[in-house]
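Q: coords_2.cif is reproduced in full below (mmCIF, C-alpha atoms).
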data_start
loop_
_atom_site.label_atom_id
_atom_site.label_comp_id
_atom_site.auth_asym_id
_atom_site.auth_seq_id
_atom_site.Cartn_x
_atom_site.Cartn_y
_atom_site.Cartn_z
CA MET A 1 110.54 47.81 65.50
CA LYS A 2 110.36 50.35 62.67
CA GLU A 3 113.05 52.39 64.41
CA LEU A 4 115.22 49.29 64.69
CA ILE A 5 114.78 48.53 60.98
CA HIS A 6 115.83 52.02 60.02
CA ASP A 7 118.57 52.17 62.57
CA ARG A 8 121.78 53.32 60.88
CA SER A 9 124.14 53.44 63.78
CA GLY A 10 125.65 49.95 63.34
CA TRP A 11 125.44 49.36 67.08
CA VAL A 12 124.87 45.63 66.64
CA SER A 13 128.34 45.10 65.17
CA VAL A 14 129.91 47.11 67.95
CA LEU A 15 127.93 45.24 70.60
CA ILE A 16 128.87 41.87 69.13
CA LEU A 17 132.52 42.88 68.90
CA ILE A 18 132.40 43.63 72.61
CA LEU A 19 130.36 40.56 73.57
CA MET A 20 132.06 37.93 71.40
CA PRO A 21 135.32 37.61 73.40
CA LEU A 22 133.23 37.38 76.56
CA LEU A 23 131.07 34.66 75.06
CA ILE A 24 134.08 32.71 73.86
CA ILE A 25 135.64 32.95 77.33
CA ILE A 26 132.39 31.63 78.87
CA LEU A 27 132.23 28.83 76.30
CA VAL A 28 135.81 27.69 76.89
CA GLY A 29 135.41 28.17 80.66
CA THR A 30 132.36 25.90 80.71
CA MET A 31 134.27 23.20 78.85
CA GLU A 32 137.30 23.49 81.12
CA VAL A 33 135.28 23.47 84.35
CA SER A 34 133.36 20.36 83.35
CA ARG A 35 136.60 18.65 82.31
CA VAL A 36 138.30 19.57 85.61
CA ALA A 37 135.35 18.19 87.56
CA GLN A 38 135.31 15.00 85.49
CA ALA A 39 139.07 14.51 85.68
CA SER A 40 139.57 15.23 89.36
CA ASP A 41 136.36 14.30 91.16
CA VAL A 42 135.60 11.20 89.12
CA LYS A 43 138.56 9.70 87.27
CA LEU A 44 141.46 10.59 89.55
CA GLN A 45 139.59 10.03 92.81
CA GLN A 46 138.32 6.62 91.66
CA ALA A 47 141.81 5.60 90.51
CA LEU A 48 143.30 6.72 93.82
CA ASP A 49 140.66 4.88 95.87
CA ASN A 50 141.21 1.67 93.89
CA ALA A 51 144.99 2.00 94.26
CA LEU A 52 144.79 2.60 98.01
CA ARG A 53 142.54 -0.42 98.51
CA ALA A 54 144.99 -2.53 96.53
CA ALA A 55 147.89 -1.19 98.62
CA ALA A 56 146.13 -1.89 101.92
CA SER A 57 145.36 -5.45 100.80
CA CYS A 58 149.09 -6.30 100.74
CA VAL A 59 149.14 -7.96 104.12
CA ASP A 60 152.52 -9.22 105.28
CA LYS A 61 152.35 -13.02 105.36
CA THR A 62 154.16 -13.50 108.67
CA SER A 63 151.91 -11.00 110.39
CA GLN A 64 148.87 -12.69 108.87
CA ALA A 65 150.06 -16.06 110.14
CA ASN A 66 150.28 -14.50 113.60
CA ASN A 67 146.79 -12.98 113.28
CA ASP A 68 148.25 -9.49 113.65
CA MET A 69 147.86 -8.13 110.14
CA ARG A 70 150.30 -5.46 108.93
CA ILE A 71 150.91 -4.14 105.45
CA ASP A 72 154.00 -5.08 103.47
CA PRO A 73 155.11 -1.57 102.43
CA ALA A 74 157.24 -2.40 99.39
CA ARG A 75 154.51 -4.61 97.93
CA ALA A 76 151.89 -1.97 98.73
CA ASP A 77 153.80 0.60 96.70
CA VAL A 78 154.15 -1.76 93.73
CA LEU A 79 150.42 -2.41 93.65
CA PHE A 80 149.55 1.23 94.29
CA ARG A 81 151.57 2.24 91.23
CA LYS A 82 150.12 -0.55 89.13
CA VAL A 83 146.48 0.30 89.85
CA ILE A 84 147.08 4.04 89.39
CA ALA A 85 148.80 3.30 86.07
CA ASP A 86 146.01 0.96 84.92
CA ASN A 87 143.25 3.42 85.69
CA LEU A 88 144.88 6.60 84.41
CA GLY A 89 146.44 5.13 81.28
CA LEU A 90 150.08 5.32 82.41
CA ASP A 91 153.13 3.17 81.88
CA GLU A 92 153.37 0.79 84.85
CA THR A 93 157.11 1.24 85.31
CA THR A 94 157.70 4.93 84.63
CA LEU A 95 154.15 6.26 85.12
CA ALA A 96 154.61 8.19 81.88
CA PRO A 97 151.26 8.85 80.13
CA LEU A 98 150.39 6.45 77.31
CA ALA A 99 148.57 7.44 74.14
CA ASN A 100 144.94 8.50 74.80
CA SER A 101 145.62 9.07 78.49
CA GLY A 102 143.89 12.10 80.02
CA VAL A 103 147.07 12.79 81.96
CA ALA A 104 149.65 15.20 80.56
CA THR A 105 152.79 14.44 82.60
CA VAL A 106 154.15 11.90 85.08
CA PRO A 107 152.08 12.26 88.29
CA ALA A 108 153.70 13.10 91.60
CA TYR A 109 152.54 11.22 94.66
CA GLN A 110 153.32 10.51 98.26
CA LEU A 111 152.18 7.23 99.78
CA ALA A 112 152.39 6.53 103.49
CA VAL A 113 151.99 2.99 104.74
CA VAL A 114 151.26 3.12 108.46
CA ASN A 115 151.55 -0.06 110.50
CA GLY A 116 152.22 1.11 114.04
CA THR A 117 154.53 -0.75 116.42
CA ASN A 118 154.96 -4.39 115.35
CA PRO A 119 157.69 -7.02 115.04
CA TYR A 120 157.19 -7.74 111.31
CA VAL A 121 157.47 -4.67 109.09
CA ALA A 122 158.34 -0.96 109.25
CA GLU A 123 156.13 1.12 111.55
CA ALA A 124 155.66 3.64 108.78
CA TYR A 125 157.02 3.77 105.28
CA ILE A 126 156.76 6.88 103.13
CA VAL A 127 157.25 6.72 99.38
CA THR A 128 157.74 10.00 97.55
CA CYS A 129 157.65 10.12 93.78
CA ASP A 130 157.98 13.60 92.33
CA GLY A 131 160.44 13.32 89.51
CA SER A 132 162.73 11.28 91.71
CA TYR A 133 161.79 8.26 93.81
CA SER A 134 162.58 7.85 97.48
CA ALA A 135 161.36 5.66 100.31
CA THR A 136 161.95 6.30 104.00
CA GLU A 137 161.02 4.46 107.17
CA THR A 138 159.85 6.25 110.28
CA SER A 139 158.47 5.29 113.65
CA THR A 140 154.92 6.03 114.73
CA GLY A 141 154.36 4.29 118.03
CA ASN A 142 151.20 2.32 118.60
CA LEU A 143 148.02 2.74 116.57
CA PRO A 144 145.81 4.72 116.27
CA VAL A 145 147.95 7.24 114.42
CA THR A 146 146.72 10.57 113.11
CA VAL A 147 147.97 11.61 109.68
CA GLY A 148 147.87 15.17 108.39
CA VAL A 149 147.28 15.62 104.69
CA SER A 150 148.04 18.71 102.63
CA GLU A 151 148.90 19.51 99.03
CA SER A 152 152.58 19.02 99.77
CA GLY A 153 152.07 15.48 101.06
CA VAL A 154 151.34 13.43 104.15
CA ASN A 155 152.57 14.21 107.62
CA ILE A 156 152.44 11.25 110.01
CA GLY A 157 151.51 12.35 113.49
CA GLY A 158 151.58 15.98 112.40
CA ALA A 159 149.31 18.70 111.13
CA GLY A 160 147.76 19.13 107.72
CA GLU A 161 144.89 20.71 105.87
CA TYR A 162 142.95 17.48 106.40
CA MET A 163 143.41 14.97 109.20
CA THR A 164 142.67 11.27 109.21
CA THR A 165 143.11 8.74 111.99
CA LEU A 166 144.15 5.19 111.25
CA LYS A 167 142.81 2.87 113.92
CA SER A 168 144.34 -0.13 112.17
CA PRO A 169 147.17 -0.53 109.62
CA GLY A 170 146.44 1.48 106.51
CA CYS A 171 147.65 3.70 103.70
CA VAL A 172 147.27 7.41 103.03
CA ALA A 173 148.25 9.03 99.74
CA VAL A 174 148.28 12.41 98.06
CA ILE A 175 148.55 12.56 94.29
CA LYS A 176 149.19 15.55 92.06
CA VAL A 177 148.38 15.16 88.39
CA GLN A 178 148.63 17.47 85.40
CA MET A 179 145.52 16.72 83.34
CA LYS A 180 145.10 17.53 79.66
CA ALA A 181 142.86 20.52 78.96
CA VAL A 182 140.78 21.72 76.02
CA THR A 183 142.77 24.86 75.32
CA SER A 184 145.50 25.45 77.87
CA ARG A 185 148.60 23.37 78.52
CA GLY A 186 146.79 21.52 81.26
CA PHE A 187 145.57 21.92 84.78
CA GLU A 188 146.89 20.47 87.98
CA VAL A 189 144.58 18.52 90.24
CA VAL A 190 145.39 17.21 93.69
CA ARG A 191 143.47 14.49 95.48
CA TRP A 192 144.02 12.42 98.60
CA GLY A 193 142.61 9.24 99.99
CA ALA A 194 143.04 6.69 102.76
CA SER A 195 142.31 3.02 103.29
CA ARG A 196 142.93 0.66 106.15
CA ILE A 197 142.68 -3.00 107.02
CA LYS A 198 139.36 -3.66 108.69
CA THR A 199 139.88 -5.56 111.89
CA ASN A 200 137.44 -6.41 114.65
CA MET B 201 133.68 49.15 58.20
CA ILE B 202 132.44 52.75 58.58
CA ARG B 203 130.29 52.30 55.49
CA PHE B 204 128.87 49.11 56.90
CA MET B 205 128.12 50.73 60.24
CA THR B 206 126.34 53.70 58.69
CA ASP B 207 124.31 51.67 56.23
CA SER B 208 120.66 52.62 56.31
CA LYS B 209 119.12 49.54 54.70
CA GLY B 210 117.95 47.97 57.94
CA TYR B 211 121.06 45.82 58.23
CA GLY B 212 120.96 46.33 61.98
CA THR B 213 118.07 43.89 62.21
CA ILE B 214 119.64 41.39 59.82
CA GLN B 215 122.90 41.57 61.72
CA TRP B 216 121.09 41.02 64.98
CA VAL B 217 119.30 37.96 63.60
CA LEU B 218 122.56 36.49 62.26
CA TYR B 219 124.55 37.22 65.40
CA SER B 220 121.75 35.89 67.62
CA ALA B 221 121.92 32.57 65.79
CA LEU B 222 125.70 32.47 66.35
CA ILE B 223 125.38 33.36 70.03
CA THR B 224 122.64 30.78 70.57
CA PHE B 225 124.78 28.17 68.81
CA LEU B 226 127.74 28.92 71.08
CA ILE B 227 125.72 28.96 74.30
CA PHE B 228 123.80 25.82 73.40
CA GLY B 229 127.01 24.06 72.38
CA SER B 230 128.73 24.79 75.68
CA ILE B 231 125.70 23.73 77.73
CA ASP B 232 125.38 20.52 75.75
CA TYR B 233 129.10 19.82 76.21
CA TRP B 234 128.63 20.18 79.97
CA ILE B 235 125.60 17.85 79.90
CA THR B 236 127.62 15.30 77.92
CA GLN B 237 130.39 15.43 80.53
CA GLN B 238 127.78 14.81 83.22
CA ARG B 239 126.54 11.79 81.26
CA VAL B 240 130.10 10.43 81.09
CA SER B 241 130.47 11.02 84.84
CA GLN B 242 127.21 9.17 85.45
CA VAL B 243 128.48 6.12 83.57
CA GLU B 244 131.82 6.41 85.44
CA HIS B 245 129.93 6.24 88.75
CA PHE B 246 127.99 3.18 87.62
CA LYS B 247 131.26 1.59 86.53
CA GLN B 248 132.96 2.34 89.85
CA TYR B 249 130.06 0.95 91.88
CA TYR B 250 129.99 -2.34 89.97
CA LEU B 251 133.79 -2.52 89.89
CA ASP B 252 133.64 -2.32 93.69
CA ARG B 253 131.10 -5.13 93.66
CA MET B 254 133.41 -7.16 91.39
CA ARG B 255 136.29 -6.49 93.79
CA LEU B 256 134.29 -8.11 96.57
CA GLU B 257 132.67 -10.89 94.52
CA GLY B 258 135.59 -11.76 92.24
CA PHE B 259 133.37 -11.50 89.15
CA LEU B 260 130.35 -9.65 87.81
CA THR B 261 127.44 -11.58 89.25
CA VAL B 262 124.30 -12.21 87.22
CA THR B 263 122.33 -9.95 89.59
CA ASP B 264 124.85 -7.12 89.27
CA GLU B 265 125.01 -7.47 85.50
CA ASN B 266 121.22 -7.25 85.24
CA MET B 267 121.07 -4.34 87.69
CA LEU B 268 123.75 -2.48 85.75
CA ILE B 269 121.88 -2.92 82.48
CA THR B 270 118.61 -1.87 84.12
CA LYS B 271 120.14 1.25 85.66
CA LEU B 272 121.80 2.26 82.40
CA THR B 273 118.59 1.69 80.47
CA GLU B 274 116.58 3.70 83.01
CA ALA B 275 119.13 6.50 82.68
CA ARG B 276 118.50 6.46 78.91
CA TYR B 277 121.56 4.71 77.52
CA SER B 278 121.29 2.27 74.65
CA ASN B 279 123.53 -0.28 72.87
CA ILE B 280 125.03 -1.27 76.21
CA GLN B 281 128.11 -3.47 76.01
CA ILE B 282 129.75 -4.83 79.15
CA ASP B 283 133.18 -6.39 79.20
CA ALA B 284 134.75 -7.74 82.38
CA THR B 285 137.54 -10.01 83.55
CA ALA B 286 135.05 -12.57 84.76
CA ILE B 287 131.30 -12.65 84.23
CA GLU B 288 129.15 -15.16 86.08
CA SER B 289 126.56 -15.40 83.30
CA LEU B 290 129.31 -16.62 80.94
CA GLY B 291 130.25 -19.33 83.41
CA GLN B 292 133.61 -17.76 84.24
CA ALA B 293 135.33 -18.43 87.57
CA ARG B 294 135.83 -15.80 90.27
CA VAL B 295 139.11 -13.91 90.34
CA LEU B 296 140.65 -14.49 93.75
CA ARG B 297 142.86 -12.27 95.87
CA ASN B 298 146.57 -12.90 95.42
CA THR B 299 148.84 -9.93 96.05
CA ASP B 300 151.81 -11.97 94.80
CA ASP B 301 150.16 -12.08 91.38
CA PRO B 302 148.68 -8.64 90.73
CA ILE B 303 147.93 -9.38 87.08
CA GLY B 304 146.13 -12.64 87.88
CA SER B 305 144.11 -11.07 90.69
CA GLU B 306 143.00 -8.01 88.77
CA VAL B 307 139.34 -7.35 88.05
CA PHE B 308 138.46 -5.22 85.06
CA LEU B 309 135.18 -3.67 84.01
CA GLU B 310 134.45 -1.78 80.80
CA ILE B 311 131.11 -0.25 79.88
CA LYS B 312 130.27 1.05 76.41
CA CYS B 313 126.94 2.73 75.77
CA GLU B 314 125.26 5.44 73.74
CA PRO B 315 123.38 8.26 75.44
CA THR B 316 119.87 9.07 74.27
CA PRO B 317 119.33 11.66 72.91
CA LYS B 318 122.63 11.84 71.09
CA PRO B 319 124.72 14.84 72.20
CA PHE B 320 125.02 17.89 69.97
CA VAL B 321 128.67 18.00 68.94
CA ILE B 322 129.68 21.42 67.62
CA SER B 323 132.72 20.13 65.77
CA GLN B 324 130.52 17.84 63.65
CA ILE B 325 128.27 20.75 62.69
CA ILE B 326 131.22 22.79 61.48
CA GLY B 327 132.59 19.90 59.46
CA ALA B 328 135.15 18.10 61.65
CA GLY B 329 134.69 14.40 61.01
CA ALA B 330 131.72 12.46 59.77
CA PRO B 331 128.89 12.12 62.29
CA GLY B 332 128.77 8.63 63.73
CA PRO B 333 127.49 6.95 66.89
CA PHE B 334 128.42 8.75 70.10
CA ILE B 335 129.82 6.05 72.38
CA ILE B 336 130.67 6.57 76.03
CA ASP B 337 133.47 4.16 76.90
CA VAL B 338 134.61 3.91 80.53
CA LYS B 339 136.79 1.30 82.16
CA GLY B 340 138.48 0.62 85.45
CA ARG B 341 140.72 -1.91 87.16
CA ALA B 342 141.07 -2.99 90.77
CA LEU B 343 142.51 -5.91 92.69
CA SER B 344 140.14 -8.63 93.79
CA GLU B 345 139.57 -9.01 97.51
CA ARG B 346 137.67 -12.24 97.14
CA VAL B 347 139.46 -14.89 99.19
CA ASP B 348 137.26 -17.93 99.07
CA PRO B 349 135.20 -19.04 96.06
#
Write out the structure in this file as structure tokens.

A:
Amino acid sequence: MKELIHDRSGWVSVLILILMPLLIIILVGTMEVSRVAQASDVKLQQALDNALRAAASCVDKTSQANNDMRIDPARADVLFRKVIADNLGLDETTLAPLANSGVATVPAYQLAVVNGTNPYVAEAYIVTCDGSYSATETSTGNLPVTVGVSESGVNIGGAGEYMTTLKSPGCVAVIKVQMKAVTSRGFEVVRWGASRIKTN
Amino acid sequence: MIRFMTDSKGYGTIQWVLYSALITFLIFGSIDYWITQQRVSQVEHFKQYYLDRMRLEGFLTVTDENMLITKLTEARYSNIQIDATAIESLGQARVLRNTDDPIGSEVFLEIKCEPTPKPFVISQIIGAGAPGPFIIDVKGRALSERVDP
């Protein structure tokens, strides 16, 4: 201790000068990691799950009357967007972030509504919103249908990083969102989810 | 700087004490920030669970409302305020499923509460804003799936 008191080398200042940037990086890193976890695993995933459930609840009325429930794809997309917007603090029409939203830019998403062969609505309907908006219809054949999911979107009947099988009419979506960060311009998070009509 | 570094008045110890306080402050602040985020996530999970219940029931039932308050209290939150589209204890009617009317069939749940103990907010220590109550405010919306009252 006596040696430390009489120490005249000034090593503490040098040590702190070396350690301080490291400490600040750790501090900011801790904040960013906890924000990423909160934003992606909690907020975005919950919003996506709620939106997909809302989309899958849009049963086509004619199909319901015939006890062969299929999802009305256009209506499903409207409700999907509405619930996503409500939960992430976005404008319902443009999906542009509102004040106090944790989202930095307009999210990009791909929503697939899969109905299988039926006489009422499209077999599959894919909505892509990534700066521009497009909707396409495709055929799937009879259910069950396997859907591949990757960061780039959904692939009906094809491969993907994750695979999900829809035994009954349902929806699968991938959403890519730029979240606000503490220090940087933001970080991109990608989440996917699926929901389907429960039938006996 | 050279003069400071070659000082022989035992400043090494004083420097170490001062810098240690700063380092501890930074480390503690970041850990506490992380804990606070976890507390927010915890309330988000409670909110999502009871929003799911509302989606199925069409309103926040008396049982669910009491359970939510109990769980939040047990998890050490105080000043709990619950706002919802329809609350059974207030005599409000269930929100029913109607995909033709997404606004009318929407269920909403908002929870406001204060964690105990109050988080350590670095910015308040260094003078950014007057210290006030720390309120966690989470909310969510979903479409009701309740068909029959």

Q: Do you know which residues lie at most 12 Å from (151.3, 12.2, 78.6), with coordinates as in the file and all atoms listed in the file counted, and could you write them as a list in words?

A: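 Here the neighbourhood of the point contains Ala85, Leu88, Gly89, Leu90, Asp91, Thr94, Leu95, Ala96, Pro97, Leu98, Ala99, Asn100, Ser101, Gly102, Val103, Ala104, Thr105, Val106, Pro107, Val177, Gln178, Met179, Lys180, Ala181, Arg185 and Gly186 of chain A.
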
Q: So that I have them on file, write out the residues from the current selection with C-alpha atoms, as a PDB file, keeping the file's coordinate frame.

A:
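Listed below is the output, selection.pdb:
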ATOM      1  CA  ALA A  85     148.800   3.300  86.070  1.00  0.00           C
ATOM      2  CA  LEU A  88     144.880   6.600  84.410  1.00  0.00           C
ATOM      3  CA  GLY A  89     146.440   5.130  81.280  1.00  0.00           C
ATOM      4  CA  LEU A  90     150.080   5.320  82.410  1.00  0.00           C
ATOM      5  CA  ASP A  91     153.130   3.170  81.880  1.00  0.00           C
ATOM      6  CA  THR A  94     157.700   4.930  84.630  1.00  0.00           C
ATOM      7  CA  LEU A  95     154.150   6.260  85.120  1.00  0.00           C
ATOM      8  CA  ALA A  96     154.610   8.190  81.880  1.00  0.00           C
ATOM      9  CA  PRO A  97     151.260   8.850  80.130  1.00  0.00           C
ATOM     10  CA  LEU A  98     150.390   6.450  77.310  1.00  0.00           C
ATOM     11  CA  ALA A  99     148.570   7.440  74.140  1.00  0.00           C
ATOM     12  CA  ASN A 100     144.940   8.500  74.800  1.00  0.00           C
ATOM     13  CA  SER A 101     145.620   9.070  78.490  1.00  0.00           C
ATOM     14  CA  GLY A 102     143.890  12.100  80.020  1.00  0.00           C
ATOM     15  CA  VAL A 103     147.070  12.790  81.960  1.00  0.00           C
ATOM     16  CA  ALA A 104     149.650  15.200  80.560  1.00  0.00           C
ATOM     17  CA  THR A 105     152.790  14.440  82.600  1.00  0.00           C
ATOM     18  CA  VAL A 106     154.150  11.900  85.080  1.00  0.00           C
ATOM     19  CA  PRO A 107     152.080  12.260  88.290  1.00  0.00           C
ATOM     20  CA  VAL A 177     148.380  15.160  88.390  1.00  0.00           C
ATOM     21  CA  GLN A 178     148.630  17.470  85.400  1.00  0.00           C
ATOM     22  CA  MET A 179     145.520  16.720  83.340  1.00  0.00           C
ATOM     23  CA  LYS A 180     145.100  17.530  79.660  1.00  0.00           C
ATOM     24  CA  ALA A 181     142.860  20.520  78.960  1.00  0.00           C
ATOM     25  CA  ARG A 185     148.600  23.370  78.520  1.00  0.00           C
ATOM     26  CA  GLY A 186     146.790  21.520  81.260  1.00  0.00           C
TER      27      GLY A 186
END

Q: Excluding Asp60 (chain A) and any residue of its chain fewer than 2 positions from it, enumerate the residues within 7 Å of it, using only C-alpha atoms, and give them as a list of chain:residue names.

A: A:Cys58, A:Thr62, A:Ser63, A:Gln64, A:Met69, A:Arg70, A:Ile71, A:Asp72

Q: Quick one: which residues end up in the PyMOL selection byres ((chain B and resi 250) around 9) for this structure, as a ChimeraX atom specification?

A: /B:245-249,251-255,260,264-265,268,309

Q: With chain B as the partner and 10 Å as the cut-off, tabulate the residues of chain A that qualify, each row holding the nearest pair of atoms and their distance in Å to one decimal, using all atoms listed in the file, sorted by chain and rising number, as a tab-separated table.

A:
residue	atom	partner	partner_atom	distance
A:Met1	CA	B:Thr213	CA	9.1
A:Lys2	CA	B:Gly210	CA	9.3
A:Glu3	CA	B:Gly210	CA	9.2
A:Leu4	CA	B:Thr213	CA	6.6
A:Ile5	CA	B:Gly210	CA	4.4
A:His6	CA	B:Gly210	CA	5.0
A:Asp7	CA	B:Gly210	CA	6.3
A:Arg8	CA	B:Ser208	CA	4.8
A:Ser9	CA	B:Thr206	CA	5.6
A:Gly10	CA	B:Met205	CA	4.0
A:Trp11	CA	B:Gly212	CA	7.4
A:Val12	CA	B:Gly212	CA	6.1
A:Ser13	CA	B:Gln215	CA	7.3
A:Val14	CA	B:Met205	CA	8.7
A:Leu15	CA	B:Trp216	CA	9.8
A:Ile16	CA	B:Tyr219	CA	7.4
A:Leu19	CA	B:Ile223	CA	9.4
A:Met20	CA	B:Ile223	CA	8.2
A:Leu23	CA	B:Ile223	CA	7.7
A:Ile24	CA	B:Leu226	CA	7.9
A:Ile26	CA	B:Ser230	CA	8.4
A:Leu27	CA	B:Ser230	CA	5.4
A:Val28	CA	B:Ser230	CA	7.7
A:Gly29	CA	B:Ser230	CA	9.0
A:Thr30	CA	B:Ser230	CA	6.3
A:Met31	CA	B:Trp234	CA	6.5
A:Glu32	CA	B:Trp234	CA	9.4
A:Val33	CA	B:Trp234	CA	8.6
A:Ser34	CA	B:Trp234	CA	5.8
A:Arg35	CA	B:Gln237	CA	7.2
A:Ala37	CA	B:Gln237	CA	9.0
A:Gln38	CA	B:Ser241	CA	6.3
A:Ala39	CA	B:Ser241	CA	9.3
A:Asp41	CA	B:Ser241	CA	9.2
A:Val42	CA	B:Ser241	CA	6.7
A:Lys43	CA	B:Glu244	CA	7.7
A:Gln46	CA	B:Gln248	CA	7.1
A:Ala47	CA	B:Gly340	CA	7.8
A:Asp49	CA	B:Ala342	CA	9.4
A:Asn50	CA	B:Ala342	CA	5.6
A:Ala51	CA	B:Ala342	CA	7.2
A:Leu52	CA	B:Ala342	CA	9.9
A:Arg53	CA	B:Leu343	CA	8.0
A:Ala54	CA	B:Leu343	CA	5.7
A:Ala55	CA	B:Thr299	CA	9.2
A:Ser57	CA	B:Thr299	CA	7.4
A:Cys58	CA	B:Thr299	CA	5.9
A:Val59	CA	B:Thr299	CA	8.3
A:Asp60	CA	B:Thr299	CA	10.0
A:Arg75	CA	B:Thr299	CA	8.0
A:Ala76	CA	B:Thr299	CA	8.9
A:Val78	CA	B:Pro302	CA	9.3
A:Leu79	CA	B:Pro302	CA	7.1
A:Lys82	CA	B:Pro302	CA	8.4
A:Val83	CA	B:Ala342	CA	6.4
A:Ile84	CA	B:Arg341	CA	9.0
A:Ala85	CA	B:Arg341	CA	9.7
A:Asp86	CA	B:Arg341	CA	6.4
A:Asn87	CA	B:Gly340	CA	5.5
A:Leu88	CA	B:Gly340	CA	8.8

Q: Would you translate the PyMOL selection byres ((chain A and resi 131-147) around 9) into the concrete set of residues it matches in this file, as an MDAnalysis selection string?

A: chainID A and resid 106:108 114:118 122:130 148:149 154:160 162:169 172

Q: What does the distance from CA of Leu111 (chain A) to CA of Gln45 (chain A) come to in Å, to one decimal?

A: 14.7 Å

Q: When the PyMOL selection byres ((chain B and resi 294-296) around 6) is applied to the file above, which residues end up in the set, as a list in words?

A: Gly258, Phe259, Ala293, Arg297, Ser305, Ser344, Arg346 and Val347 of chain B
